[in-house]
$ cat run19.txt   # compact mmCIF, C-alpha atoms and all ligand atoms
# COMPACT_ATOMS: atom_id res chain seq x y z
CA MET X 1 111.03 106.30 128.78
CA THR X 2 109.68 103.82 126.28
CA ALA X 3 107.93 105.51 123.40
CA LYS X 4 104.35 104.98 122.38
CA ILE X 5 104.41 103.56 118.87
CA ILE X 6 102.15 105.46 116.49
CA SER X 7 100.92 102.86 114.01
CA GLY X 8 100.15 104.46 110.67
CA LYS X 9 98.91 101.09 109.55
CA GLU X 10 96.26 100.83 112.26
CA LEU X 11 95.24 104.46 111.98
CA SER X 12 94.97 104.01 108.21
CA THR X 13 92.66 101.03 108.60
CA GLN X 14 90.33 103.19 110.68
CA LEU X 15 90.54 106.30 108.47
CA ARG X 16 90.17 104.36 105.21
CA GLY X 17 87.05 102.74 106.64
CA GLU X 18 85.63 106.18 107.40
CA LEU X 19 86.57 107.37 103.90
CA ALA X 20 84.80 104.37 102.35
CA ASP X 21 81.66 105.39 104.28
CA GLU X 22 81.99 108.96 102.97
CA VAL X 23 82.43 107.69 99.42
CA ARG X 24 79.18 105.69 99.67
CA GLU X 25 77.35 108.91 100.58
CA LEU X 26 78.68 110.83 97.55
CA LYS X 27 76.65 111.21 94.38
CA VAL X 28 79.71 110.60 92.21
CA THR X 29 82.33 107.87 92.37
CA PRO X 30 85.64 109.61 93.09
CA SER X 31 88.14 108.88 90.36
CA LEU X 32 91.94 109.12 90.46
CA ALA X 33 94.26 109.01 87.44
CA VAL X 34 97.79 107.81 88.22
CA ILE X 35 100.56 108.19 85.65
CA LEU X 36 103.69 106.10 86.02
CA VAL X 37 106.70 106.55 83.73
CA GLY X 38 109.51 104.00 83.64
CA ASP X 39 110.15 100.74 85.43
CA ASP X 40 111.51 101.66 88.87
CA PRO X 41 110.40 98.72 91.07
CA ALA X 42 109.77 100.93 94.14
CA SER X 43 107.54 103.28 92.12
CA HIS X 44 105.60 100.31 90.77
CA SER X 45 105.14 98.95 94.27
CA TYR X 46 103.86 102.30 95.60
CA VAL X 47 101.46 102.65 92.68
CA ARG X 48 100.11 99.14 93.31
CA GLY X 49 99.58 100.17 96.94
CA LYS X 50 97.63 103.24 95.82
CA GLU X 51 95.50 101.16 93.42
CA LYS X 52 94.61 98.62 96.11
CA ALA X 53 93.75 101.32 98.63
CA CYS X 54 91.53 103.14 96.11
CA LYS X 55 89.65 99.96 95.33
CA ALA X 56 89.06 99.17 99.01
CA ALA X 57 87.67 102.68 99.58
CA GLY X 58 85.36 102.59 96.56
CA ILE X 59 87.48 105.07 94.61
CA HIS X 60 87.89 104.42 90.91
CA SER X 61 91.50 104.46 89.74
CA ILE X 62 93.01 104.60 86.28
CA VAL X 63 96.69 103.72 86.06
CA LYS X 64 98.61 104.71 82.93
CA HIS X 65 101.95 103.00 82.44
CA HIS X 66 104.56 104.40 80.10
CA PRO X 67 108.08 103.36 79.11
CA SER X 68 110.88 105.65 80.34
CA SER X 69 111.32 106.77 76.71
CA LEU X 70 108.02 108.70 76.88
CA ARG X 71 108.53 112.27 75.67
CA GLU X 72 107.65 115.23 77.86
CA ASP X 73 105.14 116.57 75.32
CA GLU X 74 103.37 113.20 75.27
CA LEU X 75 103.10 113.23 79.05
CA LEU X 76 101.81 116.82 79.04
CA ALA X 77 99.19 115.87 76.43
CA GLU X 78 97.97 113.03 78.63
CA ILE X 79 97.68 115.41 81.59
CA ASP X 80 95.72 117.84 79.39
CA ALA X 81 93.31 115.03 78.53
CA PHE X 82 92.75 114.17 82.20
CA ASN X 83 92.36 117.87 83.02
CA GLU X 84 89.58 118.05 80.43
CA ASP X 85 87.87 114.83 81.50
CA SER X 86 85.18 115.76 84.06
CA SER X 87 84.87 112.13 85.21
CA VAL X 88 88.45 112.32 86.57
CA HIS X 89 88.73 114.20 89.88
CA GLY X 90 92.37 113.66 90.86
CA ILE X 91 95.61 113.37 88.89
CA LEU X 92 98.88 112.03 90.29
CA VAL X 93 102.10 111.72 88.32
CA GLN X 94 104.40 109.38 90.22
CA LEU X 95 107.79 110.93 90.97
CA PRO X 96 110.66 110.77 90.27
CA LEU X 97 110.41 111.16 86.49
CA PRO X 98 113.15 110.28 83.97
CA GLU X 99 115.90 112.89 83.56
CA HIS X 100 114.65 114.18 80.20
CA ILE X 101 111.28 115.20 81.65
CA SER X 102 110.93 118.41 83.68
CA GLU X 103 109.11 117.60 86.93
CA ASN X 104 108.20 121.27 87.37
CA ALA X 105 106.63 121.48 83.91
CA VAL X 106 104.60 118.35 84.63
CA ILE X 107 103.44 119.47 88.06
CA GLU X 108 102.44 122.90 86.74
CA ARG X 109 100.38 121.32 83.97
CA ILE X 110 98.03 119.52 86.39
CA ALA X 111 94.79 121.43 86.98
CA VAL X 112 94.93 123.07 90.42
CA ASN X 113 91.59 121.54 91.44
CA LYS X 114 92.79 118.02 90.49
CA ASP X 115 96.21 118.30 92.14
CA VAL X 116 95.69 115.68 94.84
CA ASP X 117 99.45 115.61 95.56
CA GLY X 118 99.33 119.31 96.46
CA PHE X 119 102.53 119.97 94.50
CA HIS X 120 101.22 122.64 92.09
CA PRO X 121 102.68 126.10 92.85
CA VAL X 122 99.18 127.52 93.34
CA ASN X 123 98.41 124.96 96.04
CA VAL X 124 101.86 125.50 97.57
CA GLY X 125 101.25 129.25 97.62
CA ARG X 126 97.78 128.86 99.09
CA LEU X 127 99.20 126.69 101.88
CA LEU X 128 101.81 129.37 102.57
CA THR X 129 99.20 132.14 102.73
CA GLY X 130 96.89 130.14 104.98
CA LYS X 131 94.13 129.49 102.45
CA LYS X 132 92.42 126.19 101.79
CA ALA X 133 94.57 124.09 99.49
CA PHE X 134 95.34 120.58 98.44
CA THR X 135 98.04 119.67 100.92
CA PRO X 136 100.81 117.16 100.21
CA CYS X 137 99.84 113.71 101.46
CA THR X 138 102.86 112.84 103.59
CA PRO X 139 102.76 116.10 105.61
CA LEU X 140 99.00 115.74 106.05
CA GLY X 141 99.49 112.17 107.29
CA ILE X 142 102.13 113.32 109.76
CA MET X 143 99.81 115.99 111.21
CA LYS X 144 97.06 113.40 111.58
CA MET X 145 99.42 111.05 113.45
CA LEU X 146 100.40 113.85 115.85
CA GLU X 147 96.77 114.78 116.36
CA ILE X 148 95.55 111.29 117.28
CA SER X 149 98.52 110.92 119.62
CA GLY X 150 97.52 114.08 121.47
CA VAL X 151 100.75 115.86 120.50
CA GLU X 152 99.69 119.50 120.23
CA PRO X 153 102.18 121.58 118.15
CA ARG X 154 101.22 124.95 119.66
CA GLY X 155 104.18 126.58 121.39
CA LYS X 156 106.37 123.50 120.91
CA ARG X 157 109.73 123.33 119.23
CA ALA X 158 109.50 121.40 115.99
CA VAL X 159 112.61 120.48 114.03
CA VAL X 160 112.35 119.23 110.46
CA VAL X 161 115.39 117.40 109.08
CA GLY X 162 115.15 117.68 105.29
CA ARG X 163 113.90 120.49 103.07
CA SER X 164 112.33 118.75 100.09
CA GLN X 165 109.39 120.32 98.27
CA LEU X 166 107.43 117.10 98.83
CA VAL X 167 107.81 116.64 102.56
CA GLY X 168 110.23 118.80 104.56
CA ARG X 169 109.08 122.25 103.50
CA PRO X 170 105.32 121.63 103.59
CA VAL X 171 105.36 119.75 106.91
CA GLY X 172 107.25 122.69 108.43
CA GLN X 173 104.53 125.02 107.12
CA LEU X 174 101.76 122.90 108.59
CA LEU X 175 103.52 122.84 111.96
CA LEU X 176 103.98 126.62 111.76
CA ASN X 177 100.28 127.02 110.91
CA GLU X 178 99.60 125.10 114.15
CA ASP X 179 101.78 127.58 116.09
CA ALA X 180 104.90 125.46 116.57
CA THR X 181 108.32 127.11 116.57
CA VAL X 182 109.85 125.53 113.49
CA THR X 183 113.50 124.96 112.58
CA TYR X 184 114.67 123.34 109.35
CA CYS X 185 117.88 121.32 109.23
CA HIS X 186 119.58 119.97 106.12
CA SER X 187 122.88 118.67 104.80
CA LYS X 188 124.69 121.96 105.51
CA THR X 189 123.48 122.24 109.11
CA LYS X 190 126.37 122.33 111.56
CA ASP X 191 126.13 120.14 114.65
CA LEU X 192 122.81 118.59 113.73
CA ALA X 193 122.37 116.84 117.08
CA SER X 194 122.59 120.12 119.01
CA VAL X 195 119.56 121.38 117.06
CA THR X 196 117.48 118.19 116.83
CA SER X 197 117.95 117.40 120.53
CA GLN X 198 115.94 120.54 121.35
CA ALA X 199 112.91 119.30 119.42
CA ASP X 200 109.65 118.41 121.12
CA ILE X 201 108.54 117.25 117.68
CA LEU X 202 111.23 115.83 115.39
CA ILE X 203 110.46 115.12 111.74
CA ALA X 204 113.15 112.95 110.12
CA ALA X 205 112.76 113.45 106.38
CA ALA X 206 116.28 113.50 104.99
CA GLY X 207 116.23 110.13 103.24
CA ARG X 208 119.38 108.81 104.92
CA ALA X 209 118.98 105.46 106.61
CA GLY X 210 119.52 105.54 110.36
CA MET X 211 120.88 109.10 110.49
CA ILE X 212 118.86 109.97 113.59
CA GLY X 213 120.17 108.20 116.67
CA GLU X 214 119.52 108.47 120.37
CA ALA X 215 121.92 111.43 120.71
CA HIS X 216 119.77 113.45 118.28
CA VAL X 217 116.60 113.05 120.32
CA LYS X 218 115.28 114.82 123.40
CA GLU X 219 113.79 112.66 126.16
CA GLY X 220 110.04 112.36 125.60
CA ALA X 221 110.01 113.87 122.09
CA ALA X 222 107.60 112.86 119.33
CA VAL X 223 109.75 111.38 116.56
CA ILE X 224 108.21 111.00 113.12
CA ASP X 225 110.22 108.89 110.68
CA VAL X 226 109.58 109.76 107.04
CA GLY X 227 112.50 107.73 105.69
CA VAL X 228 111.75 105.17 103.00
CA ASN X 229 115.20 103.73 102.41
CA ARG X 230 115.58 100.39 100.70
CA VAL X 231 118.28 98.15 102.17
CA GLU X 232 120.07 96.81 99.12
CA SER X 233 121.04 93.41 100.51
CA THR X 234 117.61 92.48 101.90
CA GLY X 235 115.24 94.70 99.89
CA LYS X 236 113.67 95.71 103.20
CA LEU X 237 112.42 99.21 103.95
CA THR X 238 114.16 101.14 106.72
CA GLY X 239 113.71 104.61 108.16
CA ASP X 240 115.94 107.61 108.87
CA VAL X 241 115.65 106.85 112.60
CA GLN X 242 117.47 104.15 114.56
CA PHE X 243 114.19 102.80 115.85
CA GLU X 244 115.36 100.36 118.53
CA ASP X 245 117.60 102.91 120.28
CA VAL X 246 115.40 105.96 119.84
CA LYS X 247 112.24 104.25 121.07
CA GLU X 248 113.83 103.94 124.53
CA LYS X 249 114.16 107.72 124.77
CA ALA X 250 111.32 109.24 122.75
CA GLY X 251 107.77 109.80 123.96
CA TRP X 252 106.24 108.77 120.65
CA ILE X 253 107.76 107.17 117.56
CA THR X 254 106.53 106.02 114.16
CA PRO X 255 107.79 102.72 112.71
CA VAL X 256 109.03 102.03 109.16
CA PRO X 257 107.31 100.23 107.56
CA GLY X 258 103.81 100.71 108.95
CA GLY X 259 104.10 104.37 109.90
CA VAL X 260 104.11 107.40 107.63
CA GLY X 261 103.95 105.33 104.38
CA PRO X 262 100.43 103.96 104.81
CA MET X 263 99.27 107.39 106.04
CA THR X 264 100.55 108.98 102.82
CA ILE X 265 98.27 106.72 100.82
CA THR X 266 95.36 107.35 103.20
CA MET X 267 95.73 111.11 102.70
CA LEU X 268 95.81 110.60 98.93
CA LEU X 269 92.41 108.93 99.24
CA HIS X 270 91.27 111.82 101.45
CA ASN X 271 92.42 114.41 98.88
CA THR X 272 90.75 112.46 96.06
CA VAL X 273 87.43 112.45 97.93
CA GLU X 274 87.89 116.20 98.53
CA ALA X 275 88.54 116.68 94.80
CA ALA X 276 85.40 114.70 93.94
CA ARG X 277 83.34 116.90 96.26
CA GLY X 278 84.67 119.82 94.22
CA THR X 279 84.27 122.33 97.05
CA MET X 280 87.91 122.98 97.94
CA PHE X 281 88.01 126.44 96.35
CA ASP X 282 84.40 127.50 96.97
CA ASP X 283 85.22 130.08 99.63
CA GLU X 284 87.62 131.86 97.26
CA SER X 285 88.40 135.39 98.38
N1 LIG X 301 103.58 112.09 92.89
C1 LIG X 301 104.02 111.40 93.95
N2 LIG X 301 103.31 111.41 95.09
C2 LIG X 301 103.72 110.70 96.17
O1 LIG X 301 103.08 110.73 97.24
C3 LIG X 301 104.93 109.93 96.07
C4 LIG X 301 105.63 109.96 94.86
N3 LIG X 301 105.16 110.70 93.82
N4 LIG X 301 106.78 109.28 94.73
C5 LIG X 301 107.31 108.45 95.78
C6 LIG X 301 106.87 108.90 97.16
C7 LIG X 301 106.97 107.82 98.20
N5 LIG X 301 105.60 107.51 98.57
C8 LIG X 301 105.23 106.45 99.39
C9 LIG X 301 103.91 106.05 99.53
C10 LIG X 301 103.57 104.95 100.28
C11 LIG X 301 104.52 104.22 100.94
C12 LIG X 301 104.12 103.02 101.71
O2 LIG X 301 102.97 102.60 101.69
N6 LIG X 301 105.03 102.37 102.44
C13 LIG X 301 104.76 101.16 103.20
C14 LIG X 301 105.57 99.99 102.72
C15 LIG X 301 105.66 99.82 101.24
C16 LIG X 301 106.73 98.84 100.80
O3 LIG X 301 107.18 98.02 101.59
O4 LIG X 301 107.10 98.93 99.62
C17 LIG X 301 105.11 101.41 104.66
O5 LIG X 301 105.89 102.31 104.94
O6 LIG X 301 104.63 100.65 105.49
C18 LIG X 301 105.84 104.60 100.83
C19 LIG X 301 106.18 105.71 100.07
C20 LIG X 301 104.76 108.33 97.90
N7 LIG X 301 105.42 109.17 97.11
MG MG X 302 113.59 114.82 85.90
$ encode --input "run19.txt" --output "structure tokens"
Amino acid sequence: MTAKIISGKELSTQLRGELADEVRELKVTPSLAVILVGDDPASHSYVRGKEKACKAAGIHSIVKHHPSSLREDELLAEIDAFNEDSSVHGILVQLPLPEHISENAVIERIAVNKDVDGFHPVNVGRLLTGKKAFTPCTPLGIMKMLEISGVEPRGKRAVVVGRSQLVGRPVGQLLLNEDATVTYCHSKTKDLASVTSQADILIAAAGRAGMIGEAHVKEGAAVIDVGVNRVESTGKLTGDVQFEDVKEKAGWITPVPGGVGPMTITMLLHNTVEAARGTMFDDES
């Protein structure tokens, strides 16, 4: 079987166009504050991507740049200021942060109703208990890609490789919420291929270039590649999946670049529009 390629780039073009239409209908201009600490080139490149996408969708963005020497209390004070500022609807602190800053402390400081990354423990807990919540952008993008491909999670076996707070854990929850049978694999999993080769839906989110080969994949499976690994020699982006081999066996596959990455940014725009509407927590029980 030759897999259908799910283009996150093409889907993003469509969805961002629809979001731009929604933004025009809103009474307020959605506004996103992005905080970037340090000079990691990849982080800068992602933040530029977010800025460009906001602009194209009619979303106002404010990008604050800080040297890696920024103190934690200074960063927390800036978050407080954005929390207080009613013209700012979404706040995103680009991760990773320098060693001397606690990522948990930073994430917990962001107002729950401005947490467009969906990383705040209250949003995480709401997702777990099946309430409306800001949902992390990469997992949301993955679910959208499955949906448009007609891959219905209900009753299927889904295997998630990777258990990060940002991607692995939440995408497993979303799949579970859609009635998939979910298994998590990670670095301590014995005989990885024996588990992943049972997956109807395989999410590769371990962050290890090319770790998923043909032997890991069931014939006809939907394979979603979340890897964003930089090849040192060429500077090129490569996934966790051996694309050329796996695409001959899978039913669906996402490319890197042009797959999950652009969808992550699209879902950030989606969450920012949702934050600007301000109705996420209206049906509070
Ligand atoms: N608070 C926070 N929220 C995040 O959502 C977040 C973060 N921190 N830290 C880093 C990761 C990574 N991430 C990506 C977003 C877009 C692409 C993306 O657009 N990738 C393009 C290519 C980009 C390129 O070539 O540099 C693609 O795959 O086609 C990739 C990775 C968001 N993250
Ligand atoms: Mg740190």
$ residues_around --input "run19.txt" --residues "range 70-87 of chain X" --least-positions-apart "6" --cutoff "8 Å" --atoms "only C-alpha atoms" --output "PDB file with C-alpha atoms, keeping the file's coordinate frame"
ATOM      1  CA  SER X  31      88.140 108.880  90.360  1.00  0.00           C
ATOM      2  CA  ALA X  33      94.260 109.010  87.440  1.00  0.00           C
ATOM      3  CA  VAL X  37     106.700 106.550  83.730  1.00  0.00           C
ATOM      4  CA  HIS X 100     114.650 114.180  80.200  1.00  0.00           C
ATOM      5  CA  ILE X 101     111.280 115.200  81.650  1.00  0.00           C
ATOM      6  CA  SER X 102     110.930 118.410  83.680  1.00  0.00           C
ATOM      7  CA  VAL X 106     104.600 118.350  84.630  1.00  0.00           C
ATOM      8  CA  ARG X 109     100.380 121.320  83.970  1.00  0.00           C
ATOM      9  CA  ILE X 110      98.030 119.520  86.390  1.00  0.00           C
ATOM     10  CA  ALA X 111      94.790 121.430  86.980  1.00  0.00           C
ATOM     11  CA  LYS X 114      92.790 118.020  90.490  1.00  0.00           C
TER      12      LYS X 114
END
$ atom_distance --input "run19.txt" --atom1 "CA of Thr234 in chain X" --atom2 "atom O3 of ligand LIG 301 (chain X)"
11.8 Å
$ closest_residue --input "run19.txt" --among "X:Ile35, X:Ala204, X:Ala221, X:Ala53" --to "Leu97 in chain X" --atoms "all atoms listed in the file"
X:Ile35
$ residues_around --input "run19.txt" --residues "Ala193 in chain X" --least-positions-apart "4" --cutoff "7 Å" --atoms "only C-alpha atoms" --output "mmCIF file with C-alpha atoms, keeping the file's coordinate frame"
data_model
loop_
_atom_site.group_PDB
_atom_site.id
_atom_site.type_symbol
_atom_site.label_atom_id
_atom_site.label_comp_id
_atom_site.auth_asym_id
_atom_site.auth_seq_id
_atom_site.Cartn_x
_atom_site.Cartn_y
_atom_site.Cartn_z
ATOM 1 C CA SER X 197 117.950 117.400 120.530
ATOM 2 C CA ALA X 215 121.920 111.430 120.710
ATOM 3 C CA HIS X 216 119.770 113.450 118.280
#
$ residues_around --input "run19.txt" --residues "Lys247 in chain X" --least-positions-apart "4" --cutoff "12 Å" --atoms "only C-alpha atoms" --output "list in words"
Met1, Thr2, Ala3, Lys4, Ile5, Ile6, Ile212, Gly213, Glu214, Val217, Lys218, Glu219, Gly220, Ala221, Ala222, Val223, Ile224, Asp225, Val241, Gln242, Phe243, Gly251, Trp252, Ile253, Thr254 and Pro255 of chain X
$ residues_near_ligand --input "run19.txt" --ligand "ligand LIG 301 (chain X)" --cutoff "7 Å" --atoms "only C-alpha atoms and all ligand atoms" --output "list in words"
Ala42, Ser43, Ser45, Tyr46, Gly49, Leu92, Val93, Gln94, Leu95, Pro96, Asp117, Cys137, Thr138, Val228, Leu237, Val256, Pro257, Gly258, Gly259, Val260, Gly261, Pro262, Thr264 and Ile265 of chain X
$ atom_distance --input "run19.txt" --atom1 "CA of Ser164 in chain X" --atom2 "CA of Pro136 in chain X"
11.6 Å
$ residues_around --input "run19.txt" --residues "Thr13 in chain X" --least-positions-apart "5" --cutoff "10 Å" --atoms "all atoms listed in the file" --output "list in words"
Gly8, Glu18, Leu19, Pro262, Met263 and Thr266 of chain X
$ atom_distance --input "run19.txt" --atom1 "CA of Val122 in chain X" --atom2 "CA of Phe281 in chain X"
11.6 Å
$ axis_aligned_box --input "run19.txt" --around "range 82-85 of chain X" --padding-each-side "3 Å" --output "JSON"
{"center_x": 90.3, "center_y": 116.1, "center_z": 81.7, "size_x": 10.9, "size_y": 9.9, "size_z": 8.6}
$ residues_around --input "run19.txt" --residues "Thr272 in chain X" --least-positions-apart "2" --cutoff "7 Å" --atoms "only C-alpha atoms" --output "ChimeraX atom specification"
/X:30,32,89-90,116,268-270,274-276
$ write_last_selection --input "run19.txt" --atoms "C-alpha atoms" --output "short mmCIF file (atom, residue, chain, number, x, y, z; two decimals), keeping the file's coordinate frame"
data_model
loop_
_atom_site.label_atom_id
_atom_site.label_comp_id
_atom_site.auth_asym_id
_atom_site.auth_seq_id
_atom_site.Cartn_x
_atom_site.Cartn_y
_atom_site.Cartn_z
CA PRO X 30 85.64 109.61 93.09
CA LEU X 32 91.94 109.12 90.46
CA HIS X 89 88.73 114.20 89.88
CA GLY X 90 92.37 113.66 90.86
CA VAL X 116 95.69 115.68 94.84
CA LEU X 268 95.81 110.60 98.93
CA LEU X 269 92.41 108.93 99.24
CA HIS X 270 91.27 111.82 101.45
CA GLU X 274 87.89 116.20 98.53
CA ALA X 275 88.54 116.68 94.80
CA ALA X 276 85.40 114.70 93.94
#
$ closest_residue --input "run19.txt" --among "X:Ala209, X:Leu176, X:Met267, X:Val151" --to "Arg230 in chain X" --atoms "only C-alpha atoms"
X:Ala209
$ closest_residue --input "run19.txt" --among "X:Asn113, X:Ser68, X:Thr129, X:Ser233" --to "Glu99 in chain X" --atoms "only C-alpha atoms"
X:Ser68
$ closest_residue --input "run19.txt" --among "X:Ala199, X:Ile107, X:Leu166, X:Leu174" --to "ligand MG 302 (chain X)" --atoms "all atoms listed in the file"
X:Ile107
$ decode --input "run19.txt" --residues "range 162-236 of chain X" --atoms "C-alpha atoms" --output "PDB file, in the first residue's frame"
ATOM      1  CA  GLY X 162       6.576   9.614  23.728  1.00  0.00           C
ATOM      2  CA  ARG X 163       5.051  10.832  26.980  1.00  0.00           C
ATOM      3  CA  SER X 164       5.863  14.536  27.093  1.00  0.00           C
ATOM      4  CA  GLN X 165       3.502  16.971  28.808  1.00  0.00           C
ATOM      5  CA  LEU X 166       3.381  19.001  25.583  1.00  0.00           C
ATOM      6  CA  VAL X 167       2.461  16.331  23.068  1.00  0.00           C
ATOM      7  CA  GLY X 168       2.482  12.642  24.033  1.00  0.00           C
ATOM      8  CA  ARG X 169       0.271  12.748  27.111  1.00  0.00           C
ATOM      9  CA  PRO X 170      -2.359  15.177  25.812  1.00  0.00           C
ATOM     10  CA  VAL X 171      -2.670  13.546  22.372  1.00  0.00           C
ATOM     11  CA  GLY X 172      -3.268  10.220  24.127  1.00  0.00           C
ATOM     12  CA  GLN X 173      -6.041  11.867  26.164  1.00  0.00           C
ATOM     13  CA  LEU X 174      -7.686  13.320  23.082  1.00  0.00           C
ATOM     14  CA  LEU X 175      -7.597   9.923  21.372  1.00  0.00           C
ATOM     15  CA  LEU X 176      -9.057   8.332  24.511  1.00  0.00           C
ATOM     16  CA  ASN X 177     -11.794  10.984  24.585  1.00  0.00           C
ATOM     17  CA  GLU X 178     -12.605   9.867  21.017  1.00  0.00           C
ATOM     18  CA  ASP X 179     -12.914   6.237  22.215  1.00  0.00           C
ATOM     19  CA  ALA X 180      -9.624   4.856  20.917  1.00  0.00           C
ATOM     20  CA  THR X 181      -7.800   2.162  22.893  1.00  0.00           C
ATOM     21  CA  VAL X 182      -4.635   4.011  23.821  1.00  0.00           C
ATOM     22  CA  THR X 183      -1.169   2.687  24.659  1.00  0.00           C
ATOM     23  CA  TYR X 184       1.796   4.871  25.581  1.00  0.00           C
ATOM     24  CA  CYS X 185       5.343   3.809  24.734  1.00  0.00           C
ATOM     25  CA  HIS X 186       8.533   5.484  25.897  1.00  0.00           C
ATOM     26  CA  SER X 187      12.251   4.943  26.350  1.00  0.00           C
ATOM     27  CA  LYS X 188      11.732   2.086  28.840  1.00  0.00           C
ATOM     28  CA  THR X 189       9.263   0.182  26.650  1.00  0.00           C
ATOM     29  CA  LYS X 190      10.503  -3.303  25.844  1.00  0.00           C
ATOM     30  CA  ASP X 191      10.219  -4.483  22.243  1.00  0.00           C
ATOM     31  CA  LEU X 192       8.782  -1.248  20.920  1.00  0.00           C
ATOM     32  CA  ALA X 193       8.028  -2.661  17.465  1.00  0.00           C
ATOM     33  CA  SER X 194       5.803  -5.404  18.901  1.00  0.00           C
ATOM     34  CA  VAL X 195       3.582  -2.704  20.426  1.00  0.00           C
ATOM     35  CA  THR X 196       3.654  -0.072  17.671  1.00  0.00           C
ATOM     36  CA  SER X 197       2.988  -2.643  14.943  1.00  0.00           C
ATOM     37  CA  GLN X 198      -0.459  -3.222  16.475  1.00  0.00           C
ATOM     38  CA  ALA X 199      -1.433   0.423  16.064  1.00  0.00           C
ATOM     39  CA  ASP X 200      -4.165   1.534  13.691  1.00  0.00           C
ATOM     40  CA  ILE X 201      -3.123   5.057  14.628  1.00  0.00           C
ATOM     41  CA  LEU X 202       0.560   5.597  15.450  1.00  0.00           C
ATOM     42  CA  ILE X 203       1.732   8.890  16.924  1.00  0.00           C
ATOM     43  CA  ALA X 204       5.522   9.251  16.759  1.00  0.00           C
ATOM     44  CA  ALA X 205       6.419  11.910  19.308  1.00  0.00           C
ATOM     45  CA  ALA X 206       9.656  10.757  20.897  1.00  0.00           C
ATOM     46  CA  GLY X 207      11.984  13.322  19.319  1.00  0.00           C
ATOM     47  CA  ARG X 208      14.429  10.757  17.928  1.00  0.00           C
ATOM     48  CA  ALA X 209      15.155  11.106  14.240  1.00  0.00           C
ATOM     49  CA  GLY X 210      14.076   8.118  12.166  1.00  0.00           C
ATOM     50  CA  MET X 211      13.303   5.842  15.121  1.00  0.00           C
ATOM     51  CA  ILE X 212      10.098   4.539  13.527  1.00  0.00           C
ATOM     52  CA  GLY X 213      10.810   2.274  10.579  1.00  0.00           C
ATOM     53  CA  GLU X 214       8.744  -0.031   8.432  1.00  0.00           C
ATOM     54  CA  ALA X 215       8.986  -2.850  11.017  1.00  0.00           C
ATOM     55  CA  HIS X 216       7.245  -0.634  13.598  1.00  0.00           C
ATOM     56  CA  VAL X 217       4.204  -0.011  11.427  1.00  0.00           C
ATOM     57  CA  LYS X 218       1.105  -2.063  10.680  1.00  0.00           C
ATOM     58  CA  GLU X 219      -0.036  -2.266   7.057  1.00  0.00           C
ATOM     59  CA  GLY X 220      -2.571   0.490   6.403  1.00  0.00           C
ATOM     60  CA  ALA X 221      -1.998   2.387   9.666  1.00  0.00           C
ATOM     61  CA  ALA X 222      -2.286   6.157  10.046  1.00  0.00           C
ATOM     62  CA  VAL X 223       1.193   7.381  10.998  1.00  0.00           C
ATOM     63  CA  ILE X 224       1.522  10.865  12.454  1.00  0.00           C
ATOM     64  CA  ASP X 225       5.077  12.181  12.688  1.00  0.00           C
ATOM     65  CA  VAL X 226       5.554  14.779  15.418  1.00  0.00           C
ATOM     66  CA  GLY X 227       9.357  14.759  15.242  1.00  0.00           C
ATOM     67  CA  VAL X 228      11.099  18.083  14.716  1.00  0.00           C
ATOM     68  CA  ASN X 229      14.715  16.978  14.654  1.00  0.00           C
ATOM     69  CA  ARG X 230      17.339  19.244  13.167  1.00  0.00           C
ATOM     70  CA  VAL X 231      19.995  17.458  11.099  1.00  0.00           C
ATOM     71  CA  GLU X 232      23.226  19.034  12.246  1.00  0.00           C
ATOM     72  CA  SER X 233      25.142  18.792   8.973  1.00  0.00           C
ATOM     73  CA  THR X 234      22.419  20.236   6.736  1.00  0.00           C
ATOM     74  CA  GLY X 235      20.246  22.205   9.180  1.00  0.00           C
ATOM     75  CA  LYS X 236      17.241  20.440   7.655  1.00  0.00           C
TER      76      LYS X 236
END
